[in-house]
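Novice: Sending over data.cif (mmCIF, C-alpha atoms and all ligand atoms).
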data_protein
loop_
_atom_site.label_atom_id
_atom_site.label_comp_id
_atom_site.auth_asym_id
_atom_site.auth_seq_id
_atom_site.Cartn_x
_atom_site.Cartn_y
_atom_site.Cartn_z
CA MET A 1 0.00 0.00 0.00
CA LEU A 2 2.79 2.40 1.02
CA GLY A 3 4.65 1.60 -2.20
CA ARG A 4 1.58 2.42 -4.31
CA LEU A 5 1.14 5.70 -2.43
CA LEU A 6 4.75 6.54 -3.16
CA LEU A 7 4.16 5.81 -6.82
CA PHE A 8 1.13 8.07 -6.82
CA PHE A 9 3.15 10.94 -5.31
CA LYS A 10 5.91 10.38 -7.85
CA LYS A 11 3.33 10.48 -10.63
CA VAL A 12 1.90 13.81 -9.52
CA GLY A 13 5.40 15.22 -9.18
CA VAL A 14 5.83 15.31 -5.39
CA VAL A 15 9.44 14.71 -4.33
CA VAL A 16 9.56 11.68 -2.06
CA GLN A 17 12.41 10.08 -0.15
CA GLN A 18 13.82 6.93 -1.70
CA ASN A 19 12.73 3.72 -0.04
CA SER A 20 15.58 1.32 0.62
CA LYS A 21 14.22 -1.51 2.77
CA LEU A 22 11.52 -4.13 2.32
CA ARG A 23 10.53 -7.10 4.42
CA ILE A 24 9.13 -10.38 3.11
CA ASN A 25 6.84 -11.82 5.77
CA LEU A 26 6.49 -15.59 5.50
CA ASP A 27 5.22 -18.18 7.97
CA ARG A 28 8.67 -19.54 8.74
CA ASP A 29 11.36 -17.47 7.09
CA SER A 30 10.85 -13.71 7.02
CA TYR A 31 13.71 -11.57 5.78
CA ASP A 32 14.78 -8.10 4.68
CA ILE A 33 15.68 -6.85 1.24
CA LEU A 34 18.03 -3.86 1.37
CA ILE A 35 18.34 -1.71 -1.76
CA GLU A 36 20.80 1.17 -1.99
CA GLN A 37 23.77 2.50 -3.89
CA GLY A 38 27.09 1.46 -2.31
CA LEU A 39 25.83 -1.32 0.00
CA LEU A 40 28.61 -3.70 -1.03
CA GLU A 41 31.12 -1.48 0.77
CA HIS A 42 29.13 -2.12 3.94
CA LEU A 43 28.32 -5.79 3.41
CA GLY A 44 30.63 -6.94 6.23
CA ALA A 45 29.02 -4.45 8.62
CA LEU A 46 25.50 -5.52 7.58
CA ILE A 47 26.40 -9.17 8.09
CA SER A 48 28.05 -8.68 11.48
CA GLU A 49 25.13 -6.55 12.67
CA LYS A 50 22.68 -9.31 11.80
CA PHE A 51 24.64 -12.53 12.27
CA GLY A 52 27.58 -11.69 14.53
CA LYS A 53 30.86 -13.15 13.27
CA PRO A 54 29.90 -16.29 11.35
CA ARG A 55 32.35 -18.38 9.37
CA THR A 56 31.54 -17.08 5.91
CA PHE A 57 31.86 -18.54 2.41
CA ILE A 58 31.43 -16.33 -0.66
CA VAL A 59 30.59 -18.03 -3.95
CA THR A 60 31.14 -15.86 -7.01
CA ASP A 61 32.48 -15.97 -10.59
CA LYS A 62 35.62 -14.53 -12.19
CA ASN A 63 33.90 -11.55 -13.76
CA ILE A 64 32.25 -10.41 -10.53
CA SER A 65 35.35 -11.12 -8.50
CA GLU A 66 37.46 -8.91 -10.83
CA HIS A 67 35.16 -5.96 -10.29
CA TRP A 68 33.77 -6.31 -6.79
CA LEU A 69 35.51 -8.94 -4.66
CA GLU A 70 38.29 -6.81 -3.19
CA GLN A 71 35.87 -4.20 -1.93
CA THR A 72 33.59 -6.89 -0.53
CA LEU A 73 36.41 -8.67 1.30
CA ASP A 74 37.66 -5.37 2.74
CA SER A 75 34.22 -4.72 4.16
CA PHE A 76 34.41 -8.08 5.98
CA SER A 77 37.99 -7.85 7.21
CA SER A 78 37.27 -4.49 8.81
CA LYS A 79 34.73 -6.38 10.93
CA GLY A 80 37.08 -9.23 11.74
CA ILE A 81 35.44 -11.69 9.32
CA PHE A 82 37.66 -13.41 6.75
CA PRO A 83 35.49 -15.26 4.21
CA LYS A 84 36.69 -18.19 2.15
CA VAL A 85 36.04 -17.51 -1.54
CA LEU A 86 34.82 -20.24 -3.91
CA GLU A 87 34.94 -19.32 -7.58
CA VAL A 88 32.73 -21.02 -10.18
CA PRO A 89 32.81 -20.49 -13.96
CA GLU A 90 30.53 -17.89 -15.59
CA GLY A 91 27.46 -18.80 -17.62
CA GLU A 92 24.28 -20.84 -17.56
CA SER A 93 26.13 -24.17 -17.80
CA THR A 94 27.50 -23.51 -14.30
CA LYS A 95 24.09 -24.47 -12.88
CA SER A 96 24.98 -28.17 -12.97
CA PHE A 97 25.15 -31.21 -10.66
CA ASP A 98 28.88 -31.07 -11.15
CA ASN A 99 29.27 -27.55 -9.75
CA LEU A 100 26.71 -28.22 -7.03
CA GLU A 101 28.82 -31.17 -5.89
CA LYS A 102 32.02 -29.09 -6.02
CA ILE A 103 30.52 -26.39 -3.80
CA ILE A 104 29.10 -28.87 -1.30
CA ASP A 105 32.38 -30.78 -1.31
CA GLN A 106 34.37 -27.64 -0.46
CA LEU A 107 31.92 -26.67 2.27
CA LEU A 108 32.07 -30.11 3.88
CA GLU A 109 35.87 -30.26 3.54
CA ALA A 110 35.94 -26.97 5.46
CA GLU A 111 33.76 -28.62 8.11
CA VAL A 112 30.91 -26.23 7.65
CA ASP A 113 28.23 -26.17 10.36
CA ARG A 114 24.77 -24.69 10.64
CA GLU A 115 26.09 -21.42 12.08
CA CYS A 116 28.10 -20.76 8.91
CA LEU A 117 26.95 -18.30 6.27
CA LEU A 118 26.98 -18.73 2.51
CA ILE A 119 26.96 -15.63 0.32
CA ALA A 120 25.83 -15.77 -3.31
CA LEU A 121 27.65 -12.86 -4.95
CA GLY A 122 26.61 -12.81 -8.60
CA GLY A 123 23.76 -12.99 -11.08
CA GLY A 124 20.89 -15.45 -11.34
CA VAL A 125 23.14 -18.42 -12.08
CA ILE A 126 25.14 -17.97 -8.87
CA GLY A 127 22.01 -17.17 -6.84
CA ASP A 128 20.14 -20.28 -7.98
CA LEU A 129 23.12 -22.62 -7.60
CA VAL A 130 24.28 -21.31 -4.23
CA GLY A 131 20.73 -21.11 -2.87
CA PHE A 132 20.28 -24.77 -3.77
CA ALA A 133 23.64 -25.77 -2.27
CA ALA A 134 22.66 -23.94 0.94
CA SER A 135 19.30 -25.70 1.07
CA VAL A 136 20.73 -29.22 0.92
CA THR A 137 24.04 -28.89 2.79
CA LEU A 138 23.46 -30.16 6.36
CA ARG A 139 19.75 -29.90 5.43
CA GLY A 140 20.05 -26.13 5.31
CA ILE A 141 22.60 -23.46 6.10
CA LYS A 142 21.96 -19.72 5.97
CA VAL A 143 22.38 -17.96 2.63
CA VAL A 144 22.56 -14.26 1.85
CA GLN A 145 21.79 -13.23 -1.71
CA VAL A 146 23.87 -10.37 -3.12
CA PRO A 147 22.62 -10.11 -6.72
CA THR A 148 24.79 -8.27 -9.23
CA THR A 149 22.60 -8.13 -12.35
CA LEU A 150 19.39 -6.17 -12.81
CA LEU A 151 17.57 -9.42 -13.57
CA SER A 152 18.65 -11.12 -10.36
CA GLN A 153 18.06 -7.95 -8.33
CA VAL A 154 14.42 -7.68 -9.40
CA ASP A 155 13.57 -11.35 -9.64
CA SER A 156 15.67 -14.42 -8.93
CA SER A 157 17.34 -13.30 -5.67
CA VAL A 158 13.96 -12.72 -4.02
CA GLY A 159 11.37 -15.38 -3.26
CA GLY A 160 13.45 -18.46 -2.57
CA LYS A 161 13.40 -20.38 -5.84
CA THR A 162 16.71 -22.22 -6.22
CA GLY A 163 17.88 -24.85 -8.65
CA ILE A 164 20.12 -26.27 -11.33
CA ASN A 165 19.66 -27.33 -14.94
CA VAL A 166 19.63 -30.99 -15.92
CA ARG A 167 19.69 -32.90 -19.21
CA GLN A 168 15.90 -32.86 -19.31
CA GLY A 169 15.53 -29.10 -18.87
CA LYS A 170 16.21 -25.85 -17.07
CA ASN A 171 15.64 -25.52 -13.31
CA LEU A 172 14.10 -28.99 -13.09
CA VAL A 173 15.99 -29.85 -9.89
CA GLY A 174 15.77 -27.38 -7.05
CA SER A 175 14.01 -26.25 -3.92
CA PHE A 176 12.08 -23.42 -2.34
CA TYR A 177 14.61 -22.10 0.15
CA GLN A 178 14.41 -18.53 1.40
CA PRO A 179 17.55 -16.46 1.92
CA SER A 180 18.20 -14.90 5.33
CA LEU A 181 18.86 -11.50 3.75
CA VAL A 182 19.01 -9.92 0.27
CA VAL A 183 21.47 -7.05 -0.28
CA ILE A 184 21.04 -5.08 -3.51
CA ASP A 185 23.68 -2.49 -4.44
CA THR A 186 22.61 -0.49 -7.52
CA GLN A 187 26.23 0.59 -8.04
CA VAL A 188 27.23 -2.86 -9.34
CA LEU A 189 25.02 -2.25 -12.37
CA GLN A 190 27.62 0.25 -13.58
CA THR A 191 29.89 -2.58 -14.75
CA LEU A 192 27.06 -4.60 -16.27
CA PRO A 193 26.88 -4.63 -20.11
CA LYS A 194 24.00 -2.57 -21.56
CA ARG A 195 22.46 -5.67 -23.10
CA GLN A 196 22.21 -7.30 -19.67
CA ILE A 197 20.59 -4.20 -18.15
CA LEU A 198 18.03 -4.12 -20.94
CA ALA A 199 17.29 -7.83 -20.54
CA GLY A 200 16.74 -7.35 -16.79
CA TYR A 201 14.42 -4.45 -17.51
CA ALA A 202 12.01 -6.90 -19.20
CA GLU A 203 11.24 -8.38 -15.77
CA VAL A 204 10.68 -4.86 -14.41
CA VAL A 205 8.07 -4.21 -17.11
CA LYS A 206 6.49 -7.54 -16.19
CA TYR A 207 5.69 -6.32 -12.67
CA GLY A 208 3.85 -3.27 -13.97
CA VAL A 209 1.82 -5.33 -16.42
CA ILE A 210 0.82 -8.11 -14.01
CA ARG A 211 0.17 -6.12 -10.88
CA ASP A 212 0.58 -2.36 -10.84
CA ASN A 213 -0.71 0.11 -13.42
CA LEU A 214 0.85 3.10 -11.61
CA PHE A 215 4.25 1.45 -11.77
CA PHE A 216 3.76 0.85 -15.49
CA ASP A 217 2.84 4.54 -15.94
CA TRP A 218 6.04 5.46 -14.10
CA LEU A 219 8.10 3.15 -16.32
CA GLU A 220 6.69 4.69 -19.48
CA ILE A 221 8.07 8.05 -18.32
CA ASN A 222 11.23 6.94 -16.49
CA GLY A 223 12.26 3.62 -18.06
CA GLN A 224 15.02 5.24 -20.09
CA ARG A 225 16.55 6.73 -16.92
CA VAL A 226 16.69 3.23 -15.41
CA LEU A 227 18.56 1.94 -18.45
CA GLU A 228 20.94 4.89 -18.57
CA GLY A 229 22.17 4.21 -15.04
CA ASP A 230 20.35 6.97 -13.13
CA GLN A 231 20.83 5.64 -9.58
CA GLN A 232 17.63 7.12 -8.18
CA ALA A 233 15.52 5.73 -11.01
CA GLN A 234 17.21 2.34 -10.69
CA GLN A 235 16.62 2.20 -6.96
CA PHE A 236 12.99 3.17 -7.41
CA ALA A 237 12.43 0.57 -10.16
CA ILE A 238 14.16 -2.19 -8.17
CA TYR A 239 12.35 -1.28 -4.96
CA ASN A 240 8.94 -1.43 -6.64
CA SER A 241 9.74 -4.64 -8.52
CA CYS A 242 10.81 -6.30 -5.25
CA ARG A 243 7.79 -4.84 -3.45
CA ILE A 244 5.43 -6.40 -5.97
CA LYS A 245 7.29 -9.70 -5.93
CA ALA A 246 7.28 -9.71 -2.11
CA GLU A 247 3.50 -9.19 -2.03
CA ILE A 248 2.95 -12.10 -4.40
CA VAL A 249 5.41 -14.44 -2.65
CA GLU A 250 3.86 -13.60 0.73
CA ALA A 251 0.48 -14.62 -0.65
CA ASP A 252 1.70 -17.86 -2.22
CA GLU A 253 5.24 -18.92 -1.33
CA LYS A 254 5.22 -22.33 -3.04
CA GLU A 255 3.40 -21.32 -6.26
CA GLN A 256 0.12 -23.08 -5.58
CA ASN A 257 -1.85 -20.29 -7.25
CA VAL A 258 -1.18 -16.55 -7.59
CA ARG A 259 2.66 -16.80 -7.72
CA ALA A 260 2.24 -18.29 -11.18
CA ILE A 261 1.50 -14.80 -12.55
CA LEU A 262 5.20 -14.01 -12.04
CA ASN A 263 5.69 -16.28 -15.04
CA PHE A 264 3.94 -13.85 -17.38
CA GLY A 265 5.65 -14.14 -20.79
CA HIS A 266 7.73 -17.07 -19.53
CA THR A 267 5.83 -19.98 -21.10
CA PHE A 268 6.61 -18.58 -24.54
CA GLY A 269 9.98 -17.24 -23.39
CA HIS A 270 11.22 -20.57 -22.02
CA ALA A 271 10.35 -22.26 -25.32
CA LEU A 272 12.50 -19.72 -27.17
CA GLU A 273 15.40 -20.25 -24.78
CA ALA A 274 15.10 -24.03 -25.13
CA GLU A 275 15.10 -23.81 -28.93
CA ALA A 276 18.01 -21.35 -28.93
CA GLY A 277 20.00 -23.74 -26.71
CA TYR A 278 20.96 -21.58 -23.67
CA ASP A 279 24.22 -20.50 -25.31
CA GLY A 280 23.81 -16.76 -24.79
CA ASN A 281 22.31 -16.17 -28.24
CA VAL A 282 19.12 -15.08 -26.52
CA LEU A 283 19.23 -13.87 -22.91
CA HIS A 284 16.49 -14.89 -20.48
CA GLY A 285 15.13 -11.34 -20.26
CA GLU A 286 15.10 -10.99 -24.05
CA ALA A 287 13.13 -14.23 -24.38
CA VAL A 288 10.74 -12.98 -21.67
CA SER A 289 10.31 -9.70 -23.55
CA ILE A 290 9.32 -11.51 -26.75
CA GLY A 291 7.19 -13.90 -24.67
CA MET A 292 5.37 -10.99 -23.00
CA VAL A 293 4.50 -9.48 -26.38
CA MET A 294 3.15 -12.92 -27.40
CA ALA A 295 1.15 -13.19 -24.15
CA ILE A 296 -0.25 -9.69 -24.73
CA GLU A 297 -1.28 -10.65 -28.28
CA LEU A 298 -2.88 -13.86 -26.98
CA SER A 299 -4.74 -11.92 -24.26
CA LYS A 300 -6.03 -9.49 -26.88
CA SER A 301 -6.99 -12.15 -29.42
CA LEU A 302 -9.00 -14.01 -26.75
CA GLY A 303 -10.87 -10.82 -25.88
CA HIS A 304 -9.40 -10.37 -22.39
CA LEU A 305 -7.29 -7.27 -23.00
CA SER A 306 -8.24 -4.05 -24.81
CA GLY A 307 -6.37 -3.11 -27.98
CA GLN A 308 -5.40 0.16 -26.31
CA ASP A 309 -3.65 -1.52 -23.35
CA ALA A 310 -1.99 -4.03 -25.68
CA VAL A 311 -0.55 -1.22 -27.82
CA ARG A 312 0.78 0.62 -24.75
CA VAL A 313 2.70 -2.41 -23.48
CA VAL A 314 4.11 -3.40 -26.87
CA GLU A 315 5.07 0.20 -27.69
CA HIS A 316 6.92 0.58 -24.40
CA ILE A 317 8.82 -2.65 -25.00
CA LYS A 318 9.80 -1.56 -28.51
CA LYS A 319 10.62 2.04 -27.59
CA ILE A 320 12.93 0.97 -24.81
CA GLY A 321 14.82 -1.26 -27.25
CA LEU A 322 13.75 -4.73 -26.09
CA PRO A 323 13.05 -7.39 -28.74
CA SER A 324 9.39 -8.02 -29.52
CA ASN A 325 9.40 -10.73 -32.22
CA ILE A 326 10.97 -14.18 -32.47
CA ASN A 327 12.49 -13.29 -35.84
CA SER A 328 14.92 -10.93 -34.04
CA ILE A 329 16.75 -14.02 -32.67
CA ASN A 330 19.74 -15.20 -34.70
CA GLY A 331 19.02 -18.50 -36.41
CA SER A 332 15.25 -18.35 -35.85
CA GLU A 333 14.63 -18.55 -39.63
CA ALA A 334 14.87 -22.33 -39.21
CA TRP A 335 12.35 -22.47 -36.32
CA TYR A 336 8.77 -23.62 -36.77
CA PRO A 337 5.62 -23.42 -34.59
CA GLU A 338 5.19 -27.12 -33.76
CA LYS A 339 8.70 -27.37 -32.32
CA LEU A 340 8.18 -24.30 -30.11
CA PHE A 341 4.81 -25.68 -29.03
CA GLN A 342 6.49 -28.95 -27.99
CA HIS A 343 8.94 -26.99 -25.79
CA MET A 344 5.99 -25.21 -24.19
CA LYS A 345 4.44 -28.55 -23.32
CA HIS A 346 7.51 -29.46 -21.30
CA ASP A 347 7.35 -26.32 -19.18
CA LYS A 348 7.03 -26.75 -15.38
CA LYS A 349 3.75 -24.84 -15.50
CA VAL A 350 2.03 -27.73 -17.29
CA SER A 351 -0.36 -29.23 -14.77
CA ASN A 352 -2.37 -32.46 -15.21
CA GLY A 353 -1.16 -32.47 -18.80
CA ARG A 354 -2.73 -29.05 -19.47
CA MET A 355 -0.72 -26.02 -20.39
CA ARG A 356 -1.41 -22.98 -18.28
CA PHE A 357 -1.09 -19.45 -19.61
CA ILE A 358 -0.70 -16.17 -17.80
CA LEU A 359 -2.81 -13.57 -19.57
CA ALA A 360 -3.46 -9.88 -18.95
CA LYS A 361 -6.90 -8.39 -18.30
CA THR A 362 -5.71 -4.81 -18.08
CA ILE A 363 -2.34 -3.20 -17.45
CA GLY A 364 -1.90 -4.10 -13.78
CA GLU A 365 -3.92 -7.31 -13.67
CA ALA A 366 -2.95 -10.79 -14.83
CA PHE A 367 -4.59 -14.17 -14.38
CA VAL A 368 -3.84 -17.85 -15.00
CA THR A 369 -5.89 -19.99 -17.38
CA ALA A 370 -5.72 -23.38 -19.06
CA GLU A 371 -8.51 -22.39 -21.48
CA VAL A 372 -6.51 -21.53 -24.57
CA ARG A 373 -7.08 -23.27 -27.91
CA LYS A 374 -4.07 -24.63 -29.75
CA ASP A 375 -4.92 -22.74 -32.97
CA LYS A 376 -4.84 -19.42 -31.07
CA ILE A 377 -1.39 -20.26 -29.69
CA PHE A 378 -0.12 -21.26 -33.12
CA LYS A 379 -1.40 -18.02 -34.63
CA VAL A 380 0.58 -15.98 -32.10
CA ILE A 381 3.73 -18.05 -32.68
CA GLU A 382 3.40 -17.64 -36.45
CA LYS A 383 2.95 -13.87 -36.16
CA SER A 384 6.03 -13.56 -33.96
CA LEU A 385 8.12 -15.83 -36.21
CA SER A 386 7.30 -13.62 -39.17
CA GLY A 387 8.00 -10.41 -37.22
CA ASN A 388 4.42 -9.16 -37.11
CA LEU A 389 3.98 -8.43 -33.41
N1 LIG B 1 10.65 -15.98 -11.20
C1 LIG B 1 9.37 -16.41 -10.82
C2 LIG B 1 9.21 -16.69 -9.37
O1 LIG B 1 10.09 -16.41 -8.59
O2 LIG B 1 8.18 -17.20 -8.99
#
Can you dump the structure from the file as structure tokens?
Ligand code: GLY

Specialist:
Amino acid sequence: MLGRLLLFFKKVGVVVQQNSKLRINLDRDSYDILIEQGLLEHLGALISEKFGKPRTFIVTDKNISEHWLEQTLDSFSSKGIFPKVLEVPEGESTKSFDNLEKIIDQLLEAEVDRECLLIALGGGVIGDLVGFAASVTLRGIKVVQVPTTLLSQVDSSVGGKTGINVRQGKNLVGSFYQPSLVVIDTQVLQTLPKRQILAGYAEVVKYGVIRDNLFFDWLEINGQRVLEGDQQAQQFAIYNSCRIKAEIVEADEKEQNVRAILNFGHTFGHALEAEAGYDGNVLHGEAVSIGMVMAIELSKSLGHLSGQDAVRVVEHIKKIGLPSNINSINGSEAWYPEKLFQHMKHDKKVSNGRMRFILAKTIGEAFVTAEVRKDKIFKVIEKSLSGNL
């Protein structure tokens, strides 16, 4: 409620103080999300304030460690904490049984106990892998998520989904395991490639479309500032994305019902990622962007969403520079609808053999349905393949 009020004031031009702290209230594991420029410099202080002086393990990758590890370690040593650093390779293929085993092996070799703390310093890959390792080592040790990409800051670090990829598909092995704290430093986005920022922004747009029309209005005016690195705009966008996600996760932690709307655009998007082969040709956020345009078209063609709202969403996506059609993906000339449809059938959201879709009713309201005819889905895929969305 407070967040919406803040958005309203922003919209009418009233200067409001930036919000930098959220709390996710869950039955068992409630935790804070801190969002502010420069937090990494104070990570050690934040940890010691909350957890005392735990034995700490930081898992990160080479790229992040080059830019941010020294500063992070300094913040710990000034508090008398000297973390052990475990480095994993960069990229989606890192989310494997092999790397999971390596992390657990190193933790057990170091005689980890339940008072130890694991820190996931990195993007979604690190967050998912380390969260999963934390959930199964000694049946659960504390994990702090320190996300370093826009995508992980607004989505994967919050809400407790963890996992790895297996031969049969992405994220098919994992757990719901909530972090003990999420620390989001907007400054780390300065070293993130523009393409990654843009891809993360797709998930930000998602929150406006599924849950909050005022936030979508704000994005239409301020989205460009978020992409250009304006710290205030980034903090505001991240805060509101996390606020919306927190509300949804609080209502449905284990995705029994409403949490599914967070997958808006993802049923189509995951099929594109699967067909592209997870090799970086299409980023997750880019696939979600194209998938959201497809979901908007489907919502409109089924009579749920007005043409006016559909145009607003698609225009914002295009204006901001996100991809909107499948034919923008390299190599997609060889793709065909049936193959993409088969990928969609293997999505985790299939229930009792029926595909479920997240559709929009208006900007700010989404719902889940299994009532979508195959010919309607094919029509949308065909339009996107030929670049007509
Ligand atoms: N990324 C979707 C969820 O956390 O439920």

Novice: Mind giving me the straight-line distance from atom CA of Asp105 of chain A to atom CA of Ala120 of chain A in Å, one decimal?

Specialist: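 Separation of atom CA of Asp105 of chain A and atom CA of Ala120 of chain A: 16.5 Å.
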
Novice: Can you work out which one of A:Arg243, A:Leu150, A:His346, A:Lys383 has the shortest atom-to-atom distance to Leu172 of chain A, counting only C-alpha atoms?

Specialist: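 Answer, going by the shortest atom-to-atom distance: A:His346.
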
Novice: Please list, as a list in words, the residues that have an atom at most 7 Å away from (9.5, -13.3, -26.7) in the coordinates of this file, counting all atoms listed in the file.

Specialist: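 Checked against the point, the hits come out as Phe268, Gly269, Glu286, Ala287, Val288, Ser289, Ile290, Gly291, Met292, Val293, Met294, Ser324, Asn325 and Ile326 of chain A.
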
Novice: Taking only C-alpha atoms and all ligand atoms and a cut-off of 6 Å, can you tell me which residues surround ligand LIG 1 (chain B), written as an NGL selection string?

Specialist: :A and (155-156 or 159 or 161 or 259 or 262-263)

Novice: For Val59 of chain A, which residue out of A:Leu43, A:Val130, A:Val314, A:Ile81 is the nearest one, using all atoms listed in the file?

Specialist: A:Val130

Novice: Could you tell me which of A:Leu283, A:Leu359, A:Met344, A:Ile103 comes closest to Leu322 of chain A if we count all atoms listed in the file?

Specialist: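 For Leu322 of chain A, the nearest of the given residues is A:Leu283.
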
Novice: Name the residues, using the chain letters and numbers of the file, that sit within 6 Å of (12.7, -24.7, -5.3) when counting all atoms listed in the file, and give them as a ChimeraX atom specification.

Specialist: /A:161-162,174-176

Novice: Just to be explicit: take each residue in the selection above, keep C-alpha atoms, and write the result as a PDB file, in the coordinates of the input.

Specialist:
ATOM      1  CA  LYS A 161      13.400 -20.380  -5.840  1.00  0.00           C
ATOM      2  CA  THR A 162      16.710 -22.220  -6.220  1.00  0.00           C
ATOM      3  CA  GLY A 174      15.770 -27.380  -7.050  1.00  0.00           C
ATOM      4  CA  SER A 175      14.010 -26.250  -3.920  1.00  0.00           C
ATOM      5  CA  PHE A 176      12.080 -23.420  -2.340  1.00  0.00           C
TER       6      PHE A 176
END

Novice: Measure the distance from atom CA of Asn222 of chain A to atom CA of Leu198 of chain A in Å and round it to one decimal.

Specialist: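 Atom-to-atom, atom CA of Asn222 of chain A and atom CA of Leu198 of chain A are spaced 13.7 Å apart.
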
Novice: Kindly indicate which residue among A:Pro89, A:Gly229, A:Gly353, A:Gly200 lies nearest to Gln187 of chain A, using only C-alpha atoms for the distances.

Specialist: A:Gly229

Novice: Reconstruct segment 324-341 of chain A at the level of N, CA and C atoms, and format the result as a compact mmCIF listing (two decimals), in the coordinates of the input.

Specialist:
# COMPACT_ATOMS: atom_id res chain seq x y z
N SER A 324 10.82 -7.75 -29.64
CA SER A 324 9.39 -8.02 -29.52
C SER A 324 8.93 -9.19 -30.41
N ASN A 325 9.79 -9.62 -31.31
CA ASN A 325 9.40 -10.73 -32.22
C ASN A 325 10.46 -11.82 -32.23
N ILE A 326 10.02 -13.05 -32.44
CA ILE A 326 10.97 -14.18 -32.47
C ILE A 326 12.00 -13.98 -33.59
N ASN A 327 11.56 -13.38 -34.69
CA ASN A 327 12.49 -13.29 -35.84
C ASN A 327 13.69 -12.38 -35.57
N SER A 328 13.73 -11.72 -34.38
CA SER A 328 14.92 -10.93 -34.04
C SER A 328 16.04 -11.83 -33.49
N ILE A 329 15.73 -13.10 -33.23
CA ILE A 329 16.75 -14.02 -32.67
C ILE A 329 17.55 -14.64 -33.81
N ASN A 330 18.87 -14.59 -33.68
CA ASN A 330 19.74 -15.20 -34.70
C ASN A 330 19.41 -16.67 -34.89
N GLY A 331 19.25 -17.08 -36.12
CA GLY A 331 19.02 -18.50 -36.41
C GLY A 331 17.56 -18.91 -36.36
N SER A 332 16.66 -17.97 -36.01
CA SER A 332 15.25 -18.35 -35.85
C SER A 332 14.54 -18.60 -37.20
N GLU A 333 15.24 -18.30 -38.31
CA GLU A 333 14.63 -18.55 -39.63
C GLU A 333 14.29 -20.04 -39.76
N ALA A 334 15.07 -20.87 -39.07
CA ALA A 334 14.87 -22.33 -39.21
C ALA A 334 13.84 -22.86 -38.20
N TRP A 335 13.28 -22.00 -37.35
CA TRP A 335 12.35 -22.47 -36.32
C TRP A 335 10.94 -22.60 -36.88
N TYR A 336 10.16 -23.50 -36.31
CA TYR A 336 8.77 -23.62 -36.77
C TYR A 336 7.83 -23.83 -35.57
N PRO A 337 6.54 -23.47 -35.72
CA PRO A 337 5.62 -23.42 -34.59
C PRO A 337 5.52 -24.72 -33.79
N GLU A 338 5.42 -25.87 -34.48
CA GLU A 338 5.19 -27.12 -33.76
C GLU A 338 6.32 -27.40 -32.76
N LYS A 339 7.54 -27.12 -33.18
CA LYS A 339 8.70 -27.37 -32.32
C LYS A 339 8.63 -26.48 -31.06
N LEU A 340 8.28 -25.21 -31.26
CA LEU A 340 8.18 -24.30 -30.11
C LEU A 340 7.05 -24.75 -29.18
N PHE A 341 5.96 -25.20 -29.80
CA PHE A 341 4.81 -25.68 -29.03
C PHE A 341 5.22 -26.89 -28.17
